[in-house]
file run32.txt (compact mmCIF, C-alpha atoms)
# COMPACT_ATOMS: atom_id res chain seq x y z
CA MET A 288 0.00 0.00 0.00
CA GLY A 289 1.16 3.50 -0.63
CA LEU A 290 1.41 6.14 -3.27
CA GLY A 291 2.01 4.92 -6.80
CA SER A 292 3.07 8.25 -8.22
CA LEU A 293 3.57 11.87 -7.27
CA VAL A 294 3.91 15.09 -9.21
CA ILE A 295 5.89 17.72 -7.31
CA ALA A 296 6.71 21.26 -8.38
CA ASP A 297 8.80 24.06 -6.89
CA GLY A 298 11.22 26.57 -8.28
CA ASP A 299 13.07 27.27 -5.06
CA SER A 300 16.19 25.81 -3.53
CA PHE A 301 17.15 25.43 0.11
CA SER A 302 19.09 28.19 1.81
CA GLU A 303 20.47 28.57 5.30
CA ASP A 304 17.42 30.55 6.42
CA ASN A 305 15.23 27.48 5.64
CA LEU A 306 17.06 25.25 8.13
CA ASN A 307 14.81 26.08 11.06
CA ARG A 308 11.44 25.93 9.34
CA GLN A 309 11.12 23.42 6.51
CA ALA A 310 11.05 19.65 6.36
CA LEU A 311 13.94 18.26 4.28
CA SER A 312 15.89 21.41 5.05
CA LEU A 313 19.20 19.98 6.21
CA GLU A 314 22.66 21.51 5.99
CA PRO A 315 23.71 19.12 3.19
CA ASN A 316 20.67 20.29 1.16
CA VAL A 317 21.60 23.99 1.15
CA GLY A 318 21.71 25.02 -2.50
CA THR A 319 19.73 21.96 -3.62
CA GLN A 320 16.44 22.37 -5.50
CA LYS A 321 13.62 21.55 -3.08
CA VAL A 322 11.96 19.17 -5.56
CA ARG A 323 15.22 17.21 -5.99
CA ALA A 324 15.64 16.86 -2.21
CA ALA A 325 12.04 15.66 -1.98
CA GLN A 326 12.56 13.22 -4.84
CA MET A 327 15.63 11.75 -3.14
CA GLU A 328 13.81 11.40 0.20
CA ILE A 329 10.80 9.74 -1.44
CA ALA A 330 13.12 7.28 -3.22
CA ARG A 331 14.80 6.52 0.11
CA ILE A 332 11.44 5.79 1.76
CA ASN A 333 9.82 3.89 -1.12
CA GLY A 334 11.77 3.36 -4.32
CA ALA A 335 8.64 2.02 -6.06
CA THR A 336 6.96 5.44 -5.98
CA GLU A 337 7.23 7.22 -9.31
CA VAL A 338 8.04 10.92 -8.93
CA GLU A 339 7.51 13.44 -11.71
CA VAL A 340 9.47 16.59 -10.96
CA PHE A 341 8.78 20.09 -12.28
CA GLU A 342 11.72 22.35 -11.41
CA GLY A 343 10.26 25.81 -11.56
CA PHE A 344 7.42 27.95 -10.40
CA VAL A 345 4.23 26.84 -12.12
CA ALA A 346 2.54 29.47 -14.28
CA GLU A 347 -1.24 29.45 -14.36
CA ARG A 348 -1.26 28.25 -18.00
CA GLU A 349 0.90 25.22 -17.03
CA LEU A 350 -1.06 24.22 -13.96
CA SER A 351 -3.87 22.29 -15.68
CA ASN A 352 -1.36 20.21 -17.66
CA LEU A 353 0.74 19.55 -14.58
CA ILE A 354 -2.13 18.19 -12.51
CA GLN A 355 -3.93 16.39 -15.33
CA GLY A 356 -4.83 12.92 -14.14
CA VAL A 357 -3.88 13.41 -10.50
CA GLN A 358 -6.36 12.18 -7.92
CA VAL A 359 -5.42 14.56 -5.11
CA ALA A 360 -3.74 17.97 -5.29
CA VAL A 361 -1.99 18.94 -2.06
CA ASP A 362 -1.44 22.63 -1.38
CA ALA A 363 1.87 23.34 0.31
CA LEU A 364 2.04 26.81 -1.19
CA ASP A 365 3.17 30.01 0.47
CA ASN A 366 0.79 32.54 -1.07
CA MET A 367 -2.95 32.96 -1.50
CA PRO A 368 -3.09 33.66 -5.26
CA SER A 369 -1.30 30.37 -5.99
CA ARG A 370 -3.60 28.52 -3.61
CA PHE A 371 -6.68 29.89 -5.34
CA ARG A 372 -5.27 28.88 -8.76
CA LEU A 373 -4.52 25.34 -7.55
CA GLU A 374 -7.95 25.03 -5.96
CA LYS A 375 -9.66 26.13 -9.19
CA ALA A 376 -7.51 23.90 -11.41
CA SER A 377 -8.20 20.94 -9.10
CA LYS A 378 -11.93 21.50 -9.23
CA ASP A 379 -11.81 21.94 -13.02
CA GLN A 380 -9.91 18.61 -13.33
CA GLY A 381 -12.18 16.81 -10.88
CA SER A 382 -9.28 16.23 -8.48
CA LEU A 383 -9.60 16.40 -4.72
CA TRP A 384 -7.88 19.45 -3.27
CA PHE A 385 -6.26 19.37 0.16
CA THR A 386 -4.65 22.27 1.92
CA GLY A 387 -2.38 21.68 4.87
CA ARG A 388 -2.41 25.33 5.89
call {"tool": "encode", "arguments": {"input": "run32.txt", "output": "structure tokens"}}
result
Amino acid sequence: MGLGSLVIADGDSFSEDNLNRQALSLEPNVGTQKVRAAQMEIARINGATEVEVFEGFVAERELSNLIQGVQVAVDALDNMPSRFRLEKASKDQGSLWFTGR
């Protein structure tokens, strides 16, 4: 049991000021793209999980393509406009939308 596949997107990399406030933010990850650190950690936990990585900030026009076919969209975003766009795209796609904020 577990997740078969994930799509993760982020255009940011870890910096020293992340060390006290973000999961996966470890000293060896400073300078590493956040999605690559997440991909490595997911592979360590369950190598059978397929991970599609989008390195970059997702523009509104790309969002529908990125989440096409996903069952659940999880909001781990840091701003309200992006959250509203993800919520709308999720509803348009018929995906469940979950916010952890």
call {"tool": "closest_residue", "arguments": {"input": "run32.txt", "among": "A:Ala376, A:Ala335, A:Val361, A:Ala325", "to": "Arg348 (chain A)", "atoms": "all atoms listed in the file"}}
result
A:Ala376
call {"tool": "residues_near_point", "arguments": {"input": "run32.txt", "point": "(6.2, 16.5, -11.0)", "cutoff": "7 Å", "atoms": "only C-alpha atoms", "output": "PyMOL selection string"}}
result
chain A and resi 293-296+338-341
call {"tool": "write_last_selection", "arguments": {"input": "run32.txt", "atoms": "C-alpha atoms", "output": "PDB file, in the frame of the given file"}}
result
ATOM      1  CA  LEU A 293       3.570  11.870  -7.270  1.00  0.00           C
ATOM      2  CA  VAL A 294       3.910  15.090  -9.210  1.00  0.00           C
ATOM      3  CA  ILE A 295       5.890  17.720  -7.310  1.00  0.00           C
ATOM      4  CA  ALA A 296       6.710  21.260  -8.380  1.00  0.00           C
ATOM      5  CA  VAL A 338       8.040  10.920  -8.930  1.00  0.00           C
ATOM      6  CA  GLU A 339       7.510  13.440 -11.710  1.00  0.00           C
ATOM      7  CA  VAL A 340       9.470  16.590 -10.960  1.00  0.00           C
ATOM      8  CA  PHE A 341       8.780  20.090 -12.280  1.00  0.00           C
TER       9      PHE A 341
END
call {"tool": "closest_residue", "arguments": {"input": "run32.txt", "among": "A:Val317, A:Leu353, A:Leu306, A:Met327", "to": "Leu373 (chain A)", "atoms": "all atoms listed in the file"}}
result
A:Leu353
call {"tool": "closest_residue", "arguments": {"input": "run32.txt", "among": "A:Arg308, A:Gln380, A:Phe344, A:Glu303", "to": "Val322 (chain A)", "atoms": "all atoms listed in the file"}}
result
A:Phe344
call {"tool": "residues_near_point", "arguments": {"input": "run32.txt", "point": "(5.9, 1.9, -4.7)", "cutoff": "8 Å", "atoms": "all atoms listed in the file", "output": "list in words"}}
result
Met288, Gly289, Leu290, Gly291, Ser292, Asn333, Gly334, Ala335, Thr336 and Glu337 of chain A
call {"tool": "axis_aligned_box", "arguments": {"input": "run32.txt", "around": "region 362-378 of chain A", "padding_each_side": "3 Å", "output": "AutoDock Vina command-line options"}}
result
--center_x -4.4 --center_y 27.3 --center_z -5.5 --size_x 21.1 --size_y 18.7 --size_z 17.9
call {"tool": "atom_distance", "arguments": {"input": "run32.txt", "atom1": "CA of Asp379 (chain A)", "atom2": "CA of Asn366 (chain A)"}}
result
20.3 Å
call {"tool": "atom_distance", "arguments": {"input": "run32.txt", "atom1": "CA of Leu311 (chain A)", "atom2": "CA of Gln326 (chain A)"}}
result
10.5 Å
call {"tool": "atom_distance", "arguments": {"input": "run32.txt", "atom1": "CA of Ser377 (chain A)", "atom2": "CA of Asp365 (chain A)"}}
result
17.4 Å
